[in-house]
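Peer 1: Quick one, protein_21.cif (mmCIF, C-alpha atoms):
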data_query
loop_
_atom_site.label_atom_id
_atom_site.label_comp_id
_atom_site.auth_asym_id
_atom_site.auth_seq_id
_atom_site.Cartn_x
_atom_site.Cartn_y
_atom_site.Cartn_z
CA MET A 1 -75.72 -114.00 -47.24
CA LYS A 2 -79.01 -112.57 -46.04
CA ASP A 3 -80.20 -109.12 -47.18
CA ILE A 4 -81.59 -106.38 -44.95
CA ARG A 5 -82.94 -103.09 -46.30
CA ALA A 6 -82.00 -100.06 -44.21
CA ARG A 7 -84.89 -97.70 -43.50
CA PRO A 8 -85.07 -94.18 -42.11
CA LEU A 9 -84.72 -93.99 -38.36
CA THR A 10 -87.92 -93.08 -36.46
CA ALA A 11 -88.48 -92.81 -32.73
CA ALA A 12 -91.35 -95.30 -32.88
CA ALA A 13 -89.42 -97.99 -34.80
CA PHE A 14 -86.31 -97.53 -32.63
CA ALA A 15 -88.11 -97.39 -29.24
CA PRO A 16 -87.53 -101.07 -28.32
CA PHE A 17 -83.77 -100.53 -28.73
CA GLY A 18 -83.17 -97.01 -27.45
CA ASP A 19 -83.71 -93.30 -27.93
CA VAL A 20 -83.45 -91.09 -31.01
CA LEU A 21 -81.58 -87.87 -30.25
CA ASN A 22 -82.70 -84.95 -32.37
CA CYS A 23 -84.17 -81.46 -32.24
CA ASP A 24 -87.57 -82.28 -33.76
CA GLY A 25 -90.42 -80.05 -32.69
CA ALA A 26 -90.28 -77.01 -30.47
CA PRO A 27 -87.66 -76.79 -27.70
CA ASP A 28 -88.79 -77.82 -24.23
CA ARG A 29 -87.26 -74.68 -22.75
CA ILE A 30 -85.86 -71.39 -23.98
CA ILE A 31 -82.70 -70.46 -22.08
CA ASN A 32 -79.71 -68.08 -22.25
CA ALA A 33 -81.77 -64.89 -22.37
CA GLY A 34 -83.98 -66.32 -25.12
CA LEU A 35 -81.11 -67.16 -27.47
CA CYS A 36 -81.03 -70.95 -27.05
CA GLY A 37 -83.63 -73.71 -27.25
CA ARG A 38 -83.08 -76.64 -24.89
CA PHE A 39 -84.36 -80.03 -26.08
CA HIS A 40 -84.42 -81.49 -22.59
CA ASP A 41 -83.65 -85.00 -21.34
CA ARG A 42 -83.71 -86.80 -24.72
CA ALA A 43 -82.03 -90.08 -23.62
CA GLN A 44 -82.26 -92.59 -20.81
CA VAL A 45 -78.60 -92.71 -19.76
CA ASP A 46 -78.12 -95.86 -17.66
CA VAL A 47 -74.74 -96.54 -16.07
CA GLY A 48 -75.78 -98.88 -13.27
CA ASP A 49 -73.06 -98.80 -10.62
CA GLY A 50 -70.54 -97.11 -12.94
CA ARG A 51 -70.07 -93.48 -13.86
CA VAL A 52 -70.94 -91.51 -16.99
CA GLY A 53 -68.08 -91.23 -19.43
CA ILE A 54 -67.83 -88.96 -22.48
CA SER A 55 -65.44 -90.19 -25.15
CA LEU A 56 -64.69 -89.26 -28.75
CA PHE A 57 -64.67 -91.94 -31.45
CA ARG A 58 -63.28 -91.49 -34.95
CA SER A 59 -64.47 -94.31 -37.21
CA GLU A 60 -63.60 -95.14 -40.80
CA LEU A 61 -66.31 -94.34 -43.32
CA ARG A 62 -68.34 -97.20 -44.77
CA ARG A 63 -70.83 -97.39 -47.61
CA LEU A 64 -73.89 -99.37 -48.58
CA PRO A 65 -74.21 -102.18 -49.34
CA TYR A 66 -72.51 -103.06 -46.07
CA GLN A 67 -71.78 -106.55 -44.76
CA ILE A 68 -72.29 -107.29 -41.07
CA ASP A 69 -71.21 -110.47 -39.31
CA LEU A 70 -70.80 -109.17 -35.76
CA ILE A 71 -73.05 -107.43 -33.25
CA GLU A 72 -72.36 -106.49 -29.66
CA ARG A 73 -74.13 -105.33 -26.54
CA HIS A 74 -73.31 -103.69 -23.23
CA PRO A 75 -75.12 -105.43 -20.35
CA LEU A 76 -74.07 -102.90 -17.69
CA GLY A 77 -75.10 -99.62 -19.28
CA SER A 78 -76.51 -97.61 -22.15
CA GLN A 79 -74.39 -96.19 -24.97
CA ALA A 80 -75.10 -93.00 -26.95
CA PHE A 81 -73.57 -92.00 -30.30
CA ILE A 82 -73.83 -88.32 -31.19
CA PRO A 83 -72.27 -87.29 -34.51
CA MET A 84 -70.10 -84.19 -34.39
CA SER A 85 -71.16 -83.29 -37.93
CA MET A 86 -74.40 -83.11 -39.89
CA ASP A 87 -73.84 -86.52 -41.49
CA SER A 88 -75.98 -89.65 -41.44
CA PHE A 89 -74.83 -93.00 -40.14
CA LEU A 90 -76.04 -96.58 -40.23
CA VAL A 91 -77.57 -98.08 -37.08
CA VAL A 92 -77.99 -101.85 -36.83
CA VAL A 93 -79.89 -103.35 -33.88
CA ALA A 94 -81.35 -106.72 -32.95
CA GLY A 95 -83.71 -108.03 -30.32
CA ASP A 96 -83.12 -111.17 -28.27
CA ASP A 97 -83.93 -113.17 -31.44
CA LEU A 98 -80.66 -111.79 -32.92
CA VAL A 99 -82.41 -110.85 -36.19
CA PRO A 100 -80.88 -107.52 -37.29
CA GLN A 101 -82.76 -104.43 -38.36
CA ALA A 102 -81.05 -101.47 -40.02
CA PHE A 103 -81.78 -97.76 -39.89
CA VAL A 104 -80.17 -94.66 -41.37
CA THR A 105 -80.18 -91.55 -39.22
CA ALA A 106 -81.15 -88.13 -40.49
CA PRO A 107 -78.22 -85.69 -40.82
CA GLY A 108 -76.96 -84.73 -37.36
CA GLU A 109 -79.27 -87.17 -35.53
CA GLY A 110 -77.86 -89.32 -32.72
CA ILE A 111 -78.99 -92.45 -30.90
CA ASN A 112 -78.81 -93.95 -27.43
CA PHE A 113 -78.85 -97.74 -27.12
CA HIS A 114 -80.63 -99.04 -24.03
CA ARG A 115 -78.64 -101.28 -21.72
CA GLY A 116 -78.29 -104.78 -23.20
CA THR A 117 -79.36 -103.86 -26.77
CA TRP A 118 -77.61 -105.86 -29.47
CA HIS A 119 -76.14 -103.46 -32.05
CA GLY A 120 -73.68 -103.21 -34.89
CA VAL A 121 -70.43 -101.30 -34.71
CA LEU A 122 -70.21 -97.57 -35.38
CA THR A 123 -70.85 -97.14 -39.12
CA PRO A 124 -70.58 -93.60 -40.50
CA LEU A 125 -71.70 -93.31 -44.13
CA SER A 126 -70.19 -89.87 -44.87
CA GLY A 127 -68.37 -86.98 -43.22
CA PRO A 128 -65.48 -87.16 -40.76
CA GLY A 129 -66.78 -90.16 -38.78
CA LEU A 130 -66.32 -88.25 -35.52
CA PHE A 131 -68.74 -88.97 -32.66
CA ALA A 132 -69.21 -88.04 -29.02
CA VAL A 133 -70.00 -91.23 -27.12
CA ILE A 134 -71.67 -91.26 -23.73
CA ASP A 135 -71.52 -94.56 -21.91
CA ARG A 136 -70.69 -96.39 -18.70
CA ILE A 137 -67.19 -96.35 -17.25
CA GLY A 138 -66.55 -98.82 -14.45
CA ASP A 139 -65.67 -102.32 -13.37
CA GLY A 140 -67.24 -105.43 -14.81
CA ALA A 141 -67.53 -107.10 -18.20
CA ASN A 142 -69.60 -104.61 -20.22
CA LEU A 143 -69.13 -106.09 -23.70
CA GLU A 144 -70.65 -109.20 -25.23
CA GLU A 145 -70.21 -110.10 -28.91
CA HIS A 146 -72.20 -112.33 -31.26
CA HIS A 147 -70.81 -113.55 -34.59
CA PHE A 148 -73.41 -114.53 -37.19
CA ALA A 149 -72.89 -117.91 -38.88
CA THR A 150 -74.16 -116.29 -42.08
CA ALA A 151 -73.38 -112.62 -42.70
CA TYR A 152 -76.05 -110.06 -43.54
CA ARG A 153 -75.81 -107.51 -46.36
CA ILE A 154 -77.45 -104.17 -45.67
CA THR A 155 -78.70 -102.21 -48.66
CA ALA A 156 -80.20 -98.75 -49.09
#
Turn this file's structure into structure tokens for me.

Peer 2:
Amino acid sequence: MKDIRARPLTAAAFAPFGDVLNCDGAPDRIINAGLCGRFHDRAQVDVGDGRVGISLFRSELRRLPYQIDLIERHPLGSQAFIPMSMDSFLVVVAGDDLVPQAFVTAPGEGINFHRGTWHGVLTPLSGPGLFAVIDRIGDGANLEEHHFATAYRITA
């Protein structure tokens, strides 16, 4: 088994794989009679010839160390995971070399995988494991899986 150390998620480190969804910095716009800050257009939603779907996922909690032997990707569209609680989750991604990297989100932070990004399955580390998921709905094979010959162990 190969070891990977999970590190805090940053926009710069995650940029090759997708977008970090958070409320860092000042809002882009103040709306609703000054009572709401809008953090505008934080993800590149890509659905190709499909349509945008919003789903809810409830995933079983996991803990570190965590073993991963499978990653997947969606060649026809992006996929965003937005936690519906202020809990962190594990994000595993890989480039075309299929070498995984692991990140831990800040509480309440979400991510958007770019189209075709290899990633691990939804891995909540605490809380209810409930997520809003925004992705492509439509025809075509939009799931590819890769099984590692040797599993990886992700540690804190």

Peer 1: Residues at most 8 Å from segment 142-148 of chain A, counting only C-alpha atoms, excluding those fewer than 2 positions away in the same chain, as number ranges by chain?

Peer 2: A: 69-77, 140, 150-151

Peer 1: Give the answer as one residue: which of A:Gly108, A:Gly48, A:Gly37, A:Pro16 has the shortest atom-to-atom distance to Gly138 of chain A, using only C-alpha atoms?

Peer 2: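 Once distances to Gly138 of chain A are computed over only C-alpha atoms, the minimum belongs to A:Gly48.
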
Peer 1: What would the selection look like, as a short mmCIF file (atom, residue, chain, number, x, y, z; two decimals) with C-alpha atoms, keeping the file's coordinate frame, if the PyMOL selection byres ((chain A and resi 104) around 8) were run on the coordinates I just shared?

Peer 2:
data_model
loop_
_atom_site.label_atom_id
_atom_site.label_comp_id
_atom_site.auth_asym_id
_atom_site.auth_seq_id
_atom_site.Cartn_x
_atom_site.Cartn_y
_atom_site.Cartn_z
CA ALA A 6 -82.00 -100.06 -44.21
CA ARG A 7 -84.89 -97.70 -43.50
CA PRO A 8 -85.07 -94.18 -42.11
CA LEU A 9 -84.72 -93.99 -38.36
CA SER A 88 -75.98 -89.65 -41.44
CA PHE A 89 -74.83 -93.00 -40.14
CA LEU A 90 -76.04 -96.58 -40.23
CA VAL A 91 -77.57 -98.08 -37.08
CA ALA A 102 -81.05 -101.47 -40.02
CA PHE A 103 -81.78 -97.76 -39.89
CA THR A 105 -80.18 -91.55 -39.22
CA ALA A 106 -81.15 -88.13 -40.49
#

Peer 1: Can you measure atom CA of Asp135 of chain A to atom CA of Ala43 of chain A for me? One decimal in Å is fine.

Peer 2: 11.6 Å

Peer 1: In Å, how far is it from atom CA of Arg51 of chain A to atom CA of Pro107 of chain A?

Peer 2: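 We find that atom CA of Arg51 of chain A and atom CA of Pro107 of chain A lie 29.2 Å from each other.
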
Peer 1: Give as a list of chain:residue names the set of residues within 8 Å of the point (-71.2, -98.2, -44.7), where distances use the file's coordinates and all atoms listed in the file.

Peer 2: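 The residues that fall inside the cut-off are A:Leu61, A:Arg62, A:Arg63, A:Leu64, A:Pro65, A:Tyr66, A:Phe89, A:Leu90, A:Thr123, A:Pro124, A:Leu125.
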
Peer 1: List the residues matched by the PyMOL selection byres ((chain A and resi 98-100) around 9) in the displayed structure as a list in words, ordered by chain and then by residue number.

Peer 2: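 Checking the PyMOL selection byres ((chain A and resi 98-100) around 9) against this file, the residues are Ile4, Ile71, Val92, Val93, Ala94, Gly95, Asp96, Asp97, Gln101, Ala102, Trp118, His119, Gly120, His146, Phe148 and Tyr152 of chain A.
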
Peer 1: Let me see the file: selected residues, C-alpha atoms, as an mmCIF file, in the frame of the given file.

Peer 2:
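Listing of out23.cif after writing:
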data_model
loop_
_atom_site.group_PDB
_atom_site.id
_atom_site.type_symbol
_atom_site.label_atom_id
_atom_site.label_comp_id
_atom_site.auth_asym_id
_atom_site.auth_seq_id
_atom_site.Cartn_x
_atom_site.Cartn_y
_atom_site.Cartn_z
ATOM 1 C CA ILE A 4 -81.590 -106.380 -44.950
ATOM 2 C CA ILE A 71 -73.050 -107.430 -33.250
ATOM 3 C CA VAL A 92 -77.990 -101.850 -36.830
ATOM 4 C CA VAL A 93 -79.890 -103.350 -33.880
ATOM 5 C CA ALA A 94 -81.350 -106.720 -32.950
ATOM 6 C CA GLY A 95 -83.710 -108.030 -30.320
ATOM 7 C CA ASP A 96 -83.120 -111.170 -28.270
ATOM 8 C CA ASP A 97 -83.930 -113.170 -31.440
ATOM 9 C CA GLN A 101 -82.760 -104.430 -38.360
ATOM 10 C CA ALA A 102 -81.050 -101.470 -40.020
ATOM 11 C CA TRP A 118 -77.610 -105.860 -29.470
ATOM 12 C CA HIS A 119 -76.140 -103.460 -32.050
ATOM 13 C CA GLY A 120 -73.680 -103.210 -34.890
ATOM 14 C CA HIS A 146 -72.200 -112.330 -31.260
ATOM 15 C CA PHE A 148 -73.410 -114.530 -37.190
ATOM 16 C CA TYR A 152 -76.050 -110.060 -43.540
#

Peer 1: From the set A:Asp41, A:Asp24, A:Asp3, A:Asp46, which residue has the shortest atom-to-atom contact distance to Phe113 of chain A, counting all atoms listed in the file?

Peer 2: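 Selected residue with least distance to Phe113 of chain A: A:Asp46.
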
Peer 1: Using all atoms listed in the file for the distances, tell me which of A:Asp87, A:Arg38, A:His114, A:Ile30 is nearest to Ala15 of chain A.

Peer 2: A:His114

Peer 1: If I take atom CA of Thr10 of chain A and atom CA of Gly53 of chain A, how far is one from the other in Å, to one decimal?

Peer 2: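 Answer for the atom CA of Thr10 of chain A to atom CA of Gly53 of chain A separation: 26.2 Å.
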
Peer 1: Name the closest residue to Leu56 of chain A among the candidates A:Phe81, A:Arg153, A:Gly110, A:Gly18; distances are taken between atoms, counting all atoms listed in the file.

Peer 2: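 Nearest to Leu56 of chain A: A:Phe81.
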
Peer 1: When the PyMOL selection byres ((chain A and resi 133) around 9) is applied to the structure above, which residues does it catch, written out as a ChimeraX atom specification?

Peer 2: /A:53-57,79-83,131-132,134-135

Peer 1: Counting all atoms listed in the file, which residue out of A:Ile111, A:Val52, A:Leu122, A:Val47 sits closest to Asp19 of chain A?

Peer 2: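 Result for the nearest residue to Asp19 of chain A: A:Ile111.
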
Peer 1: Closest to Met84 of chain A among A:Thr117, A:Gln67, A:Ser126, A:Gln44, using all atoms listed in the file?

Peer 2: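 Ranked by minimum distance to Met84 of chain A, first place goes to A:Ser126.
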
Peer 1: Could you please fill out segment 112-134 of chain A with N, CA and C atoms and send it back as a short mmCIF file (atom, residue, chain, number, x, y, z; two decimals), in the frame of the given file?

Peer 2:
data_model
loop_
_atom_site.label_atom_id
_atom_site.label_comp_id
_atom_site.auth_asym_id
_atom_site.auth_seq_id
_atom_site.Cartn_x
_atom_site.Cartn_y
_atom_site.Cartn_z
N ASN A 112 -79.24 -93.41 -28.71
CA ASN A 112 -78.81 -93.95 -27.43
C ASN A 112 -79.34 -95.37 -27.33
N PHE A 113 -78.44 -96.35 -27.29
CA PHE A 113 -78.85 -97.74 -27.12
C PHE A 113 -79.18 -98.00 -25.66
N HIS A 114 -80.32 -98.62 -25.39
CA HIS A 114 -80.63 -99.04 -24.03
C HIS A 114 -79.64 -100.11 -23.58
N ARG A 115 -79.48 -100.24 -22.30
CA ARG A 115 -78.64 -101.28 -21.72
C ARG A 115 -79.04 -102.64 -22.30
N GLY A 116 -78.05 -103.43 -22.73
CA GLY A 116 -78.29 -104.78 -23.20
C GLY A 116 -78.80 -104.90 -24.63
N THR A 117 -78.88 -103.81 -25.38
CA THR A 117 -79.36 -103.86 -26.77
C THR A 117 -78.25 -104.36 -27.69
N TRP A 118 -78.56 -105.39 -28.46
CA TRP A 118 -77.61 -105.86 -29.47
C TRP A 118 -77.53 -104.81 -30.58
N HIS A 119 -76.31 -104.47 -31.01
CA HIS A 119 -76.14 -103.46 -32.05
C HIS A 119 -74.87 -103.71 -32.85
N GLY A 120 -74.86 -103.15 -34.06
CA GLY A 120 -73.68 -103.21 -34.89
C GLY A 120 -72.65 -102.20 -34.42
N VAL A 121 -71.49 -102.25 -35.05
CA VAL A 121 -70.43 -101.30 -34.71
C VAL A 121 -70.74 -99.94 -35.32
N LEU A 122 -70.03 -98.93 -34.88
CA LEU A 122 -70.21 -97.57 -35.38
C LEU A 122 -69.93 -97.55 -36.88
N THR A 123 -70.92 -97.04 -37.66
CA THR A 123 -70.85 -97.14 -39.12
C THR A 123 -71.22 -95.82 -39.79
N PRO A 124 -70.30 -94.85 -39.79
CA PRO A 124 -70.58 -93.60 -40.50
C PRO A 124 -70.60 -93.82 -42.01
N LEU A 125 -71.55 -93.16 -42.67
CA LEU A 125 -71.70 -93.31 -44.13
C LEU A 125 -71.09 -92.14 -44.90
N SER A 126 -70.82 -91.03 -44.22
CA SER A 126 -70.19 -89.87 -44.87
C SER A 126 -69.62 -88.98 -43.77
N GLY A 127 -68.89 -87.95 -44.18
CA GLY A 127 -68.37 -86.98 -43.22
C GLY A 127 -67.10 -87.46 -42.54
N PRO A 128 -66.74 -86.84 -41.43
CA PRO A 128 -65.48 -87.16 -40.76
C PRO A 128 -65.52 -88.43 -39.90
N GLY A 129 -66.70 -88.96 -39.62
CA GLY A 129 -66.78 -90.16 -38.78
C GLY A 129 -66.44 -89.89 -37.33
N LEU A 130 -66.65 -88.65 -36.88
CA LEU A 130 -66.32 -88.25 -35.52
C LEU A 130 -67.59 -88.18 -34.67
N PHE A 131 -67.57 -88.86 -33.52
CA PHE A 131 -68.74 -88.97 -32.66
C PHE A 131 -68.37 -88.71 -31.20
N ALA A 132 -69.26 -88.06 -30.47
CA ALA A 132 -69.21 -88.04 -29.02
C ALA A 132 -69.97 -89.27 -28.56
N VAL A 133 -69.39 -90.01 -27.63
CA VAL A 133 -70.00 -91.23 -27.12
C VAL A 133 -70.16 -91.09 -25.61
N ILE A 134 -71.36 -91.33 -25.16
CA ILE A 134 -71.67 -91.26 -23.73
C ILE A 134 -72.05 -92.65 -23.28
#
